[in-house]
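Participant: The following block contains the structure, expressed as structure tokens.
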Amino acid sequence: MTTQSVRTLDEAFRKMLDKETRPIPESFRRDSPIGPGPTFVPVKSYYSQEYFDLEVEKLWKRVWQMAAHEDDLPNVGDYLPYDIAGMSFLVVKSGEDEYKAYYNSCLHRGRKLREYRGKQADELRCPFHGWAWKLDGSIKQIPCEWDFPGLKREEQSLPEVKVGRWGRYIFINPDDNCEPFEDFIGDLPSHFKLLPYENRYKEAHVAKIIRCNWKAANEAFMESYHVIATHPQILMGGAHDVDTKYDVFGNYSRAIRCGALDSAGMPQWDPLPEDGKMRLRNPLNGFVYVRVEEGLVEVTAPDGRTGRFDVQARHLEGDLTEVNPHLVSWAGGPLVEQTEFDKAFAEKAKKNETHVHPRLLAAEIQRDALRNVVPSIADDVSDIEFTSIFFTLFPNFHPWGSFNRINYRFRPHGTNPNECIMECIYLAPIPENGEYSPCREIHWLSADDDWTMAPELGMLAKVFNQDVRNLPLVQEGLKASAKEFVQLADYNESKPRHFQMLLQLSLIHISEPTRPY
């Protein structure tokens, strides 16, 4: 976007806020755009083992990172291993409102103390030779202690890592000399005043292995620029290619997909027939995708050409041979049950005779739902707060706005620079009646599992299938590139640019070739 385009968006965003009928939180009027580019990123940084090893030393061993949620550890003695880039830490609830984190390694022969989440332990005993520690990390018992004549018990406490807390999330930092957590997180909590994260519980937690570098996946979920090609069905719902406001603040960044602008030149198409078949149209070129059966999609172009494709968008027959693979995935992939929100939105959209903006329709539905859970605040929430607002807290944690359930975390899968773990956590408002049942376990998916195997994610699972179709091909394409660098867009990729700037500060002694940021 040009400087003038950014100003146009900011002006449209301010005008939209001025039309709100409810009070607007002060945070929505903060403007902190990123400075001008260009930003170049070495392609090797996404697959080089040398670069990955440098990240372990300079980043993962020194940065604050989200490791657990209080719902994972409801009782004293509960514990949860947190593995990152070949390292392992053990988060323990050591008191009623106290959490500690230790290196997940026995001081005798180094065995991992715990492999899985556990409940209400009264000690941490190594399964190999039986050395045991109290929950506060002090040594409790050493079998055959007489056989260690030089051992000093006061030196055998489990080494700790620093712990910070925000919004019922538990963060750790292995660096004894790190900055205080409160300084690191800055004023991020000020964006969540009406429904702070402290008043939310973990409703779902799904993790999947992705065959790409953690940074490639991390950056893919920071911006809306990809929506126009990867999720074109969303364009019919009021999110356009230049429709996201981006700001950066300290160690975090923010995106507000606001619906303030109408995308210039968006074609108008006749309504699709309602004959019971699953149909969707690419709003950019008018191609209509019809589900024939699972794995088979028929596509018709406005000029009458047709073609049939498998779910990977491989051409099977017909004179139409090139189509959008993500819409084929949406139409021909496994079906998921619509949520109550999806059903309500579709019904309201049908009856939308006064042409209310889809953003306002969605806000009305969400406000109605909130009244059933947190009635004391439902009527105080402005429409803009129900839109897609997504933050990135460096390096890999993505909390969304207070009234959206989504949170993401992206971390390396072991020490392999070509794989990562993508996690989606749903956080729901804690009901005012105090009755809720939080999710305790992670639902793991393998690299080859379809996201729809996690039905708790609803329609978002199909969106993820579109995203994740890109990512292994991004990884392969980076290795195939004839160029040394990829270039990030000045504005639409503000958040990836901000992430890369902070990463470069962390890796200040990097040995890879660099370009000015």
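Labels for the structure tokens follow display order: chains A, B, ..., residues from 1 in each chain, ligands from 1.
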From a DSSP pass on the backbone, collect the residues of region 365-429 of chain A flagged as helix (DSSP H, G or I) and hand them back as a list in words.
Facilitator: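 Taking region 365-429 of chain A and keeping helix (DSSP H, G or I) only, one gets Ile365, Gln366, Arg367, Asp368, Ala369, Leu370, Arg371, Pro375, Ser376, Ile377, Ala378, Asp383, Ile384, Glu385 and Phe386 of chain A.
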Participant: Filtering to N, CA, C and O atoms, could you give me those residues as a PDB file, in the first residue's frame?
Facilitator:
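Output (selection-v6.pdb):
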```
ATOM      1  N   ILE A 365     -24.992 -10.981  16.214  1.00  0.00           N
ATOM      2  CA  ILE A 365     -25.111 -12.392  16.594  1.00  0.00           C
ATOM      3  C   ILE A 365     -24.225 -12.692  17.802  1.00  0.00           C
ATOM      4  O   ILE A 365     -24.643 -13.368  18.752  1.00  0.00           O
ATOM      5  N   GLN A 366     -23.004 -12.194  17.772  1.00  0.00           N
ATOM      6  CA  GLN A 366     -22.077 -12.451  18.873  1.00  0.00           C
ATOM      7  C   GLN A 366     -22.549 -11.796  20.169  1.00  0.00           C
ATOM      8  O   GLN A 366     -22.397 -12.364  21.251  1.00  0.00           O
ATOM      9  N   ARG A 367     -23.132 -10.611  20.060  1.00  0.00           N
ATOM     10  CA  ARG A 367     -23.626  -9.930  21.261  1.00  0.00           C
ATOM     11  C   ARG A 367     -24.784 -10.715  21.880  1.00  0.00           C
ATOM     12  O   ARG A 367     -24.864 -10.862  23.108  1.00  0.00           O
ATOM     13  N   ASP A 368     -25.662 -11.248  21.020  1.00  0.00           N
ATOM     14  CA  ASP A 368     -26.764 -12.071  21.523  1.00  0.00           C
ATOM     15  C   ASP A 368     -26.239 -13.292  22.262  1.00  0.00           C
ATOM     16  O   ASP A 368     -26.758 -13.667  23.323  1.00  0.00           O
ATOM     17  N   ALA A 369     -25.198 -13.929  21.705  1.00  0.00           N
ATOM     18  CA  ALA A 369     -24.624 -15.114  22.343  1.00  0.00           C
ATOM     19  C   ALA A 369     -23.955 -14.755  23.660  1.00  0.00           C
ATOM     20  O   ALA A 369     -24.036 -15.497  24.647  1.00  0.00           O
ATOM     21  N   LEU A 370     -23.301 -13.593  23.707  1.00  0.00           N
ATOM     22  CA  LEU A 370     -22.598 -13.177  24.916  1.00  0.00           C
ATOM     23  C   LEU A 370     -23.576 -12.915  26.058  1.00  0.00           C
ATOM     24  O   LEU A 370     -23.238 -13.126  27.232  1.00  0.00           O
ATOM     25  N   ARG A 371     -24.774 -12.469  25.723  1.00  0.00           N
ATOM     26  CA  ARG A 371     -25.779 -12.208  26.761  1.00  0.00           C
ATOM     27  C   ARG A 371     -26.114 -13.468  27.559  1.00  0.00           C
ATOM     28  O   ARG A 371     -26.501 -13.387  28.726  1.00  0.00           O
ATOM     29  N   PRO A 375     -23.840 -11.636  30.757  1.00  0.00           N
ATOM     30  CA  PRO A 375     -24.849 -10.609  30.453  1.00  0.00           C
ATOM     31  C   PRO A 375     -24.481  -9.221  30.956  1.00  0.00           C
ATOM     32  O   PRO A 375     -24.951  -8.224  30.409  1.00  0.00           O
ATOM     33  N   SER A 376     -23.648  -9.120  31.971  1.00  0.00           N
ATOM     34  CA  SER A 376     -23.352  -7.814  32.561  1.00  0.00           C
ATOM     35  C   SER A 376     -22.568  -6.895  31.627  1.00  0.00           C
ATOM     36  O   SER A 376     -22.570  -5.679  31.812  1.00  0.00           O
ATOM     37  N   ILE A 377     -21.891  -7.456  30.622  1.00  0.00           N
ATOM     38  CA  ILE A 377     -21.087  -6.609  29.734  1.00  0.00           C
ATOM     39  C   ILE A 377     -21.574  -6.635  28.292  1.00  0.00           C
ATOM     40  O   ILE A 377     -21.120  -5.821  27.481  1.00  0.00           O
ATOM     41  N   ALA A 378     -22.480  -7.545  27.941  1.00  0.00           N
ATOM     42  CA  ALA A 378     -22.827  -7.764  26.534  1.00  0.00           C
ATOM     43  C   ALA A 378     -23.250  -6.484  25.830  1.00  0.00           C
ATOM     44  O   ALA A 378     -22.822  -6.218  24.694  1.00  0.00           O
ATOM     45  N   ASP A 383     -19.374  -2.602  18.385  1.00  0.00           N
ATOM     46  CA  ASP A 383     -19.357  -3.509  17.237  1.00  0.00           C
ATOM     47  C   ASP A 383     -17.938  -3.856  16.807  1.00  0.00           C
ATOM     48  O   ASP A 383     -17.658  -4.996  16.440  1.00  0.00           O
ATOM     49  N   ILE A 384     -17.036  -2.878  16.844  1.00  0.00           N
ATOM     50  CA  ILE A 384     -15.671  -3.107  16.364  1.00  0.00           C
ATOM     51  C   ILE A 384     -14.963  -4.168  17.200  1.00  0.00           C
ATOM     52  O   ILE A 384     -14.095  -4.888  16.700  1.00  0.00           O
ATOM     53  N   GLU A 385     -15.353  -4.320  18.474  1.00  0.00           N
ATOM     54  CA  GLU A 385     -14.677  -5.296  19.326  1.00  0.00           C
ATOM     55  C   GLU A 385     -15.028  -6.730  18.956  1.00  0.00           C
ATOM     56  O   GLU A 385     -14.342  -7.672  19.370  1.00  0.00           O
ATOM     57  N   PHE A 386     -16.093  -6.910  18.176  1.00  0.00           N
ATOM     58  CA  PHE A 386     -16.473  -8.255  17.743  1.00  0.00           C
ATOM     59  C   PHE A 386     -15.817  -8.641  16.421  1.00  0.00           C
ATOM     60  O   PHE A 386     -16.031  -9.748  15.926  1.00  0.00           O
TER      61      PHE A 386
END
```
Participant: Name the residues of region 305-376 of chain A that come out as strand (DSSP E or B) in a backbone DSSP run; write them as an MDAnalysis selection string.
Facilitator: chainID A and resid 306:310 315:318
Participant: Write a file of the just-selected residues containing C-alpha atoms, as a PDB file, in the first residue's frame.
Facilitator:
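Ended up saving to selection-v5.pdb:
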```
ATOM      1  CA  THR A 306     -16.456 -26.307 -16.999  1.00  0.00           C
ATOM      2  CA  GLY A 307     -13.978 -28.722 -15.476  1.00  0.00           C
ATOM      3  CA  ARG A 308     -13.828 -31.407 -12.818  1.00  0.00           C
ATOM      4  CA  PHE A 309     -11.078 -31.600 -10.226  1.00  0.00           C
ATOM      5  CA  ASP A 310     -10.010 -33.804  -7.347  1.00  0.00           C
ATOM      6  CA  HIS A 315      -7.641 -31.520 -13.435  1.00  0.00           C
ATOM      7  CA  LEU A 316      -9.697 -34.613 -14.289  1.00  0.00           C
ATOM      8  CA  GLU A 317     -11.828 -33.555 -17.263  1.00  0.00           C
ATOM      9  CA  GLY A 318     -13.389 -30.598 -19.067  1.00  0.00           C
TER      10      GLY A 318
END
```
Participant: At what distance in Å, to one decimal, does CA of Trp444 (chain A) lie from CA of Leu80 (chain A)?
Facilitator: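 Here the two named atoms are 15.4 Å from each other.
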Participant: Measuring between only C-alpha atoms, which one of A:Val290, A:Thr230, A:Cys258, A:Trp64 shows the shortest distance to Cys178 (chain A)?
Facilitator: A:Trp64
Participant: Using only C-alpha atoms, which of A:Pro334, A:Gly295, A:Pro395, A:Gly35 sits nearest Trp451 (chain A)?
Facilitator: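 Among the listed residues, the smallest separation from Trp451 (chain A) belongs to A:Pro334.
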Participant: Just want the 12 Å neighbourhood of Tyr99 (chain A), counted on only C-alpha atoms, with same-chain residues fewer than 2 positions away dropped. Output as a compact mmCIF listing (two decimals) with C-alpha atoms, in the first residue's frame.
Facilitator:
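The file below, out33.txt, is the result:
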```
# COMPACT_ATOMS: atom_id res chain seq x y z
CA ALA A 67 4.41 -22.45 28.08
CA ALA A 68 1.07 -23.37 29.72
CA HIS A 69 -2.36 -22.21 30.83
CA GLU A 70 -3.77 -22.34 34.34
CA ASP A 72 -3.73 -27.22 32.33
CA LEU A 73 -2.78 -27.24 36.03
CA PRO A 74 -5.91 -26.89 38.19
CA ASN A 75 -4.58 -28.56 41.36
CA VAL A 76 -1.44 -28.34 43.47
CA GLY A 77 0.98 -30.99 42.23
CA ASP A 78 -0.20 -30.86 38.60
CA TYR A 79 2.59 -30.58 36.04
CA LEU A 80 3.02 -30.12 32.29
CA LEU A 90 8.48 -28.82 33.46
CA VAL A 91 5.80 -26.37 34.61
CA VAL A 92 4.49 -27.29 38.08
CA LYS A 93 1.69 -25.90 40.22
CA SER A 94 3.63 -25.78 43.48
CA GLY A 95 1.07 -23.92 45.62
CA GLU A 96 -2.50 -22.64 45.57
CA ASP A 97 -1.53 -19.65 43.43
CA ALA A 101 9.21 -24.20 36.03
CA TYR A 102 12.25 -26.48 36.07
CA LEU A 135 7.30 -29.58 44.43
CA ASP A 136 9.35 -26.51 45.40
CA GLY A 137 12.36 -28.08 43.68
CA GLU A 160 14.54 -23.21 37.86
CA VAL A 161 13.63 -20.98 34.96
CA LYS A 162 11.85 -17.68 35.44
CA VAL A 163 8.04 -17.62 35.37
CA GLY A 164 5.69 -14.82 34.33
CA ARG A 165 1.89 -14.74 34.19
CA ARG A 168 -4.09 -17.15 33.15
CA TYR A 169 -1.27 -17.99 30.74
CA ILE A 170 2.06 -19.07 32.23
CA PHE A 171 5.23 -17.87 30.52
CA ILE A 172 8.79 -19.02 31.08
```
Participant: Rounded to one decimal place, report the CA of Ile389 (chain A)-CA of Glu20 (chain A) distance in Å.
Facilitator: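 Value for the CA of Ile389 (chain A)-CA of Glu20 (chain A) distance: 16.8 Å.
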Participant: Between A:Lys245, A:Arg22, A:Arg111, A:Lys119, which has the minimum distance to Glu223 (chain A) (counting only C-alpha atoms)?
Facilitator: A:Lys245
Participant: Could you tell me how far CA of Pro196 (chain A) lies from CA of Arg440 (chain A), in Å and to one decimal?
Facilitator: 20.8 Å
Participant: If we count only C-alpha atoms and set the cut-off at 10 Å, which residues sit around Lys208 (chain A), ignoring sequence neighbours fewer than 3 positions away in its own chain? Please answer as a list in words.
Facilitator: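 The neighbour list is Arg211, Phe410, Cys420, Ile421, Met422, Glu423, Cys424, Ile442, His443, Trp444, Leu445, Ser446, Ala447, Asp448, Asp449, Asp450 and Trp451 of chain A.
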Participant: So that I can check the surroundings of Lys495 (chain A), please list as a VMD selection string every protein, DNA and RNA residue that reaches within 8 Å of it, counting only C-alpha atoms and ignoring chain neighbours fewer than 4 positions away.
Facilitator: chain A and resid 219 222 to 223 246 to 248 253 to 255 392 499
Participant: Determine, counting only C-alpha atoms, which protein, DNA and RNA residues have an atom within 12 Å of an atom of Pro472 (chain A); residues of the same chain fewer than 5 positions away are not included. Present the result as a ChimeraX atom specification.
Facilitator: /A:46-47,209-214,216-217,220,418-420,447-448,466-467,477-479
Participant: What does the file look like for those residues with C-alpha atoms, as a short mmCIF file (atom, residue, chain, number, x, y, z; two decimals), in the first residue's frame?
Facilitator:
```
data_model
loop_
_atom_site.label_atom_id
_atom_site.label_comp_id
_atom_site.auth_asym_id
_atom_site.auth_seq_id
_atom_site.Cartn_x
_atom_site.Cartn_y
_atom_site.Cartn_z
CA TYR A 46 13.80 -20.80 6.99
CA TYR A 47 15.72 -24.04 6.46
CA ILE A 209 2.67 -31.12 12.92
CA ILE A 210 3.30 -28.90 9.88
CA ARG A 211 6.07 -29.58 7.35
CA CYS A 212 7.53 -26.11 7.31
CA ASN A 213 9.77 -23.90 9.41
CA TRP A 214 8.13 -22.39 12.48
CA ALA A 216 6.96 -19.56 7.88
CA ALA A 217 3.86 -20.79 9.73
CA ALA A 220 1.36 -16.91 7.64
CA ASN A 418 11.77 -27.96 8.31
CA GLU A 419 8.93 -28.88 10.69
CA CYS A 420 6.93 -27.09 13.34
CA ALA A 447 1.32 -34.06 9.64
CA ASP A 448 -0.97 -36.10 7.36
CA GLN A 466 -6.58 -23.89 3.10
CA ASP A 467 -3.73 -22.28 5.04
CA GLY A 477 9.70 -23.04 -2.68
CA LEU A 478 12.11 -21.25 -0.36
CA LYS A 479 14.67 -23.98 -0.98
#
```
Participant: Can you list, as a list of chain:residue names, every protein, DNA or RNA residue that comes within 8 Å of Pro23 (chain A) when you count only C-alpha atoms, leaving out same-chain residues fewer than 6 positions away?
Facilitator: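 Answer for this query is A:Asp380, A:Val381, A:Ser382.
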Participant: Which is closer to Val328 (chain A) than all the others in A:Gln233, A:Asn372, A:Ser157, A:Ser105, using only C-alpha atoms?
Facilitator: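 Looking only at the distances to Val328 (chain A), the closest residue turns out to be A:Gln233.
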Participant: Between A:Gln156, A:Gln141, A:Gln268, A:Asn173, which has the minimum distance to Phe89 (chain A) (counting only C-alpha atoms)?
Facilitator: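 Ranking A:Gln156, A:Gln141, A:Gln268, A:Asn173 by distance to Phe89 (chain A), first place goes to A:Asn173.
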Participant: So, counting only C-alpha atoms, which residue among A:Val299, A:Leu393, A:Ala344, A:Ala363 is closest to Asn218 (chain A)?
Facilitator: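 Comparing A:Val299, A:Leu393, A:Ala344, A:Ala363 against Asn218 (chain A), the winner is A:Leu393.
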